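J.: Below is a structure I'd like to ask you about.
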Amino acid sequence: MADTLTQYRNIVTQCKDLYVKKAKDYGTSWRVLRPISIVDQVYIKAWRIRQIQELGQQKIQDSIESEFIGIVNYSIIALIQLDLPPDAATELSADEAERLYTQKAKLVEDLMLQKNHDYGEAWRDMSQQSFVDLILVKLLRIKQILANDGQTIVSEGIDANFIDIVNYAIFALIKMEELAVTKN
């Protein structure tokens, strides 16, 4: 587990580093995104990965790794957006954006640790294809919850689904990193 936690935190650091750099370049323009728009942005990234997996080729050189990083970052953005009041400022300082990211990343990590304890790191036996399929399922669930005005009867809410998406994407990135190391 110690190795998993180190790997996990290294991936989160990479994702956060890109998020912070983009916040400095673009500000927090993502604040104008409504929940469905974030869902669609993550969906596009997951669907592109699936297409590349199925076709075995790609025409745009953005890597699968960069798409998973985008999935992590947009999903954390979604978690931030869910907690901010509707009248919150569109523009957040880079420091505030980073603080909110760190806060949500910690929440996601805490749940990963709890689930990893109970599931015994079963994710290590899963394929990249399964991670993508599970991300797509979670996105379709979020779309349905949004169509139901955010209400569920017995199911987890939007936030829990985005937390799972972040963890699936991080697990995929860890496995990609391990595969790259074994190939070299």
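Each chain of the structure tokens is named A, B, ... in the order shown, its residues numbered from 1; ligands are numbered from 1 in display order.
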What's around Thr28 of chain A at 10 Å? Count only C-alpha atoms, leave out sequence neighbours fewer than 3 positions away in its own chain, and write the answer as a ChimeraX atom specification.
T.: /A:19-20,22-25,31-32,77,89-94,97
J.: Could you save those same residues with C-alpha atoms as a PDB file, in the first residue's frame?
T.:
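To be explicit, this is the file written out as part-v9.pdb:
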ATOM      1  CA  TYR A  19      -3.925  22.531 -13.404  1.00  0.00           C
ATOM      2  CA  VAL A  20      -1.984  25.296 -11.618  1.00  0.00           C
ATOM      3  CA  LYS A  22      -3.321  26.422 -16.736  1.00  0.00           C
ATOM      4  CA  ALA A  23      -4.882  28.527 -13.974  1.00  0.00           C
ATOM      5  CA  LYS A  24      -1.993  30.948 -14.388  1.00  0.00           C
ATOM      6  CA  ASP A  25      -2.373  30.942 -18.192  1.00  0.00           C
ATOM      7  CA  ARG A  31     -15.914  28.590 -13.512  1.00  0.00           C
ATOM      8  CA  VAL A  32     -18.477  29.374 -16.230  1.00  0.00           C
ATOM      9  CA  ILE A  77     -12.973  21.014 -11.147  1.00  0.00           C
ATOM     10  CA  ALA A  89     -16.762  34.923  -8.339  1.00  0.00           C
ATOM     11  CA  THR A  90     -15.914  33.590 -11.774  1.00  0.00           C
ATOM     12  CA  GLU A  91     -12.294  34.499 -11.354  1.00  0.00           C
ATOM     13  CA  LEU A  92     -10.475  32.882  -8.452  1.00  0.00           C
ATOM     14  CA  SER A  93      -6.892  33.709  -7.616  1.00  0.00           C
ATOM     15  CA  ALA A  94      -4.334  31.102  -8.637  1.00  0.00           C
ATOM     16  CA  ALA A  97      -7.752  27.665  -7.197  1.00  0.00           C
TER      17      ALA A  97
END
J.: Can you tell me, as an MDAnalysis selection string, which residues in chain A count as alpha helix (DSSP H) by DSSP?
T.: chainID A and resid 2:26 35:55 64:83 94:119 128:147 158:183
J.: Tell me, as a ChimeraX atom specification, which residues lie within 10 Å of segment 123-129 of chain A, counting only C-alpha atoms; anything in the same chain fewer than 2 positions away does not count.
T.: /A:4,49-50,53-54,116,119-121,131-135,167-169,171-176
J.: Using only C-alpha atoms, I'd like a table of the residues in segment 13-72 of chain A that come within 12 Å of segment 140-159 of chain A; for each, show the closest atom pair and its distance in Å rounded to one decimal, ordered by chain and ascending number, as a Markdown table.
T.:
| residue | atom | partner | partner_atom | distance |
| --- | --- | --- | --- | --- |
| A:Arg34 | CA | A:Leu146 | CA | 10.7 |
| A:Pro35 | CA | A:Leu146 | CA | 8.0 |
| A:Ile36 | CA | A:Lys143 | CA | 7.0 |
| A:Ser37 | CA | A:Lys143 | CA | 10.2 |
| A:Ile38 | CA | A:Lys143 | CA | 10.5 |
| A:Val39 | CA | A:Lys143 | CA | 7.4 |
| A:Asp40 | CA | A:Lys143 | CA | 9.0 |
| A:Val42 | CA | A:Leu140 | CA | 11.0 |
| A:Tyr43 | CA | A:Leu140 | CA | 8.7 |
| A:Ala46 | CA | A:Leu140 | CA | 11.8 |
| A:Trp47 | CA | A:Leu140 | CA | 11.9 |
J.: Would you save the residues from that selection as a PDB file, in the first residue's frame, using all heavy atoms?
T.:
ATOM      1  N   ARG A  34     -21.181  24.799 -16.566  1.00  0.00           N
ATOM      2  CA  ARG A  34     -22.245  24.172 -15.787  1.00  0.00           C
ATOM      3  C   ARG A  34     -21.915  22.694 -15.630  1.00  0.00           C
ATOM      4  O   ARG A  34     -21.094  22.149 -16.391  1.00  0.00           O
ATOM      5  CB  ARG A  34     -23.583  24.373 -16.483  1.00  0.00           C
ATOM      6  CG  ARG A  34     -24.028  25.833 -16.432  1.00  0.00           C
ATOM      7  CD  ARG A  34     -25.251  26.071 -17.246  1.00  0.00           C
ATOM      8  NE  ARG A  34     -24.825  26.236 -18.643  1.00  0.00           N
ATOM      9  CZ  ARG A  34     -25.626  26.629 -19.612  1.00  0.00           C
ATOM     10  NH1 ARG A  34     -26.901  26.863 -19.371  1.00  0.00           N
ATOM     11  NH2 ARG A  34     -25.175  26.770 -20.835  1.00  0.00           N
ATOM     12  N   PRO A  35     -22.538  22.012 -14.663  1.00  0.00           N
ATOM     13  CA  PRO A  35     -22.212  20.598 -14.439  1.00  0.00           C
ATOM     14  C   PRO A  35     -22.274  19.745 -15.713  1.00  0.00           C
ATOM     15  O   PRO A  35     -21.372  18.943 -15.961  1.00  0.00           O
ATOM     16  CB  PRO A  35     -23.249  20.154 -13.408  1.00  0.00           C
ATOM     17  CG  PRO A  35     -23.562  21.404 -12.643  1.00  0.00           C
ATOM     18  CD  PRO A  35     -23.497  22.515 -13.665  1.00  0.00           C
ATOM     19  N   ILE A  36     -23.302  19.934 -16.533  1.00  0.00           N
ATOM     20  CA  ILE A  36     -23.417  19.109 -17.740  1.00  0.00           C
ATOM     21  C   ILE A  36     -22.268  19.367 -18.699  1.00  0.00           C
ATOM     22  O   ILE A  36     -21.801  18.453 -19.386  1.00  0.00           O
ATOM     23  CB  ILE A  36     -24.796  19.294 -18.436  1.00  0.00           C
ATOM     24  CG1 ILE A  36     -25.017  18.194 -19.485  1.00  0.00           C
ATOM     25  CG2 ILE A  36     -24.942  20.674 -19.019  1.00  0.00           C
ATOM     26  CD1 ILE A  36     -25.096  16.799 -18.945  1.00  0.00           C
ATOM     27  N   SER A  37     -21.767  20.587 -18.735  1.00  0.00           N
ATOM     28  CA  SER A  37     -20.642  20.905 -19.621  1.00  0.00           C
ATOM     29  C   SER A  37     -19.368  20.202 -19.165  1.00  0.00           C
ATOM     30  O   SER A  37     -18.571  19.739 -19.993  1.00  0.00           O
ATOM     31  CB  SER A  37     -20.413  22.417 -19.669  1.00  0.00           C
ATOM     32  OG  SER A  37     -21.550  23.065 -20.181  1.00  0.00           O
ATOM     33  N   ILE A  38     -19.179  20.120 -17.862  1.00  0.00           N
ATOM     34  CA  ILE A  38     -18.011  19.397 -17.340  1.00  0.00           C
ATOM     35  C   ILE A  38     -18.156  17.910 -17.637  1.00  0.00           C
ATOM     36  O   ILE A  38     -17.200  17.251 -18.058  1.00  0.00           O
ATOM     37  CB  ILE A  38     -17.812  19.657 -15.836  1.00  0.00           C
ATOM     38  CG1 ILE A  38     -17.559  21.148 -15.589  1.00  0.00           C
ATOM     39  CG2 ILE A  38     -16.645  18.824 -15.298  1.00  0.00           C
ATOM     40  CD1 ILE A  38     -17.539  21.544 -14.124  1.00  0.00           C
ATOM     41  N   VAL A  39     -19.353  17.383 -17.444  1.00  0.00           N
ATOM     42  CA  VAL A  39     -19.602  15.975 -17.765  1.00  0.00           C
ATOM     43  C   VAL A  39     -19.254  15.718 -19.227  1.00  0.00           C
ATOM     44  O   VAL A  39     -18.570  14.739 -19.559  1.00  0.00           O
ATOM     45  CB  VAL A  39     -21.077  15.592 -17.476  1.00  0.00           C
ATOM     46  CG1 VAL A  39     -21.409  14.218 -18.042  1.00  0.00           C
ATOM     47  CG2 VAL A  39     -21.356  15.631 -15.980  1.00  0.00           C
ATOM     48  N   ASP A  40     -19.714  16.595 -20.110  1.00  0.00           N
ATOM     49  CA  ASP A  40     -19.444  16.415 -21.533  1.00  0.00           C
ATOM     50  C   ASP A  40     -17.956  16.513 -21.852  1.00  0.00           C
ATOM     51  O   ASP A  40     -17.444  15.766 -22.696  1.00  0.00           O
ATOM     52  CB  ASP A  40     -20.233  17.435 -22.361  1.00  0.00           C
ATOM     53  CG  ASP A  40     -21.719  17.111 -22.414  1.00  0.00           C
ATOM     54  OD1 ASP A  40     -22.110  15.970 -22.106  1.00  0.00           O
ATOM     55  OD2 ASP A  40     -22.499  18.024 -22.768  1.00  0.00           O
ATOM     56  N   VAL A  42     -15.440  15.697 -19.867  1.00  0.00           N
ATOM     57  CA  VAL A  42     -14.826  14.441 -19.417  1.00  0.00           C
ATOM     58  C   VAL A  42     -15.229  13.302 -20.350  1.00  0.00           C
ATOM     59  O   VAL A  42     -14.410  12.449 -20.705  1.00  0.00           O
ATOM     60  CB  VAL A  42     -15.202  14.138 -17.950  1.00  0.00           C
ATOM     61  CG1 VAL A  42     -14.663  12.786 -17.513  1.00  0.00           C
ATOM     62  CG2 VAL A  42     -14.683  15.239 -17.023  1.00  0.00           C
ATOM     63  N   TYR A  43     -16.496  13.310 -20.773  1.00  0.00           N
ATOM     64  CA  TYR A  43     -17.004  12.274 -21.677  1.00  0.00           C
ATOM     65  C   TYR A  43     -16.205  12.256 -22.980  1.00  0.00           C
ATOM     66  O   TYR A  43     -15.810  11.188 -23.460  1.00  0.00           O
ATOM     67  CB  TYR A  43     -18.491  12.516 -21.964  1.00  0.00           C
ATOM     68  CG  TYR A  43     -19.119  11.451 -22.820  1.00  0.00           C
ATOM     69  CD1 TYR A  43     -19.623  10.288 -22.256  1.00  0.00           C
ATOM     70  CD2 TYR A  43     -19.201  11.600 -24.199  1.00  0.00           C
ATOM     71  CE1 TYR A  43     -20.195   9.298 -23.038  1.00  0.00           C
ATOM     72  CE2 TYR A  43     -19.769  10.617 -24.994  1.00  0.00           C
ATOM     73  CZ  TYR A  43     -20.262   9.477 -24.412  1.00  0.00           C
ATOM     74  OH  TYR A  43     -20.816   8.494 -25.190  1.00  0.00           O
ATOM     75  N   ALA A  46     -12.839  10.614 -22.314  1.00  0.00           N
ATOM     76  CA  ALA A  46     -12.959   9.161 -22.108  1.00  0.00           C
ATOM     77  C   ALA A  46     -13.333   8.463 -23.419  1.00  0.00           C
ATOM     78  O   ALA A  46     -12.795   7.387 -23.723  1.00  0.00           O
ATOM     79  CB  ALA A  46     -13.989   8.869 -21.023  1.00  0.00           C
ATOM     80  N   TRP A  47     -14.240   9.075 -24.180  1.00  0.00           N
ATOM     81  CA  TRP A  47     -14.662   8.458 -25.441  1.00  0.00           C
ATOM     82  C   TRP A  47     -13.499   8.413 -26.429  1.00  0.00           C
ATOM     83  O   TRP A  47     -13.336   7.432 -27.160  1.00  0.00           O
ATOM     84  CB  TRP A  47     -15.859   9.185 -26.040  1.00  0.00           C
ATOM     85  CG  TRP A  47     -16.460   8.380 -27.152  1.00  0.00           C
ATOM     86  CD1 TRP A  47     -16.340   8.603 -28.486  1.00  0.00           C
ATOM     87  CD2 TRP A  47     -17.225   7.186 -27.017  1.00  0.00           C
ATOM     88  NE1 TRP A  47     -17.002   7.632 -29.189  1.00  0.00           N
ATOM     89  CE2 TRP A  47     -17.558   6.746 -28.314  1.00  0.00           C
ATOM     90  CE3 TRP A  47     -17.681   6.455 -25.918  1.00  0.00           C
ATOM     91  CZ2 TRP A  47     -18.317   5.601 -28.553  1.00  0.00           C
ATOM     92  CZ3 TRP A  47     -18.436   5.312 -26.153  1.00  0.00           C
ATOM     93  CH2 TRP A  47     -18.746   4.894 -27.448  1.00  0.00           C
TER      94      TRP A  47
END
J.: When you count only C-alpha atoms, which of these residues is closest to Ile170 of chain A: A:Ile69, A:Ile60, A:Leu33, A:Leu111?
T.: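 The answer is A:Ile69, which sits nearest to Ile170 of chain A.
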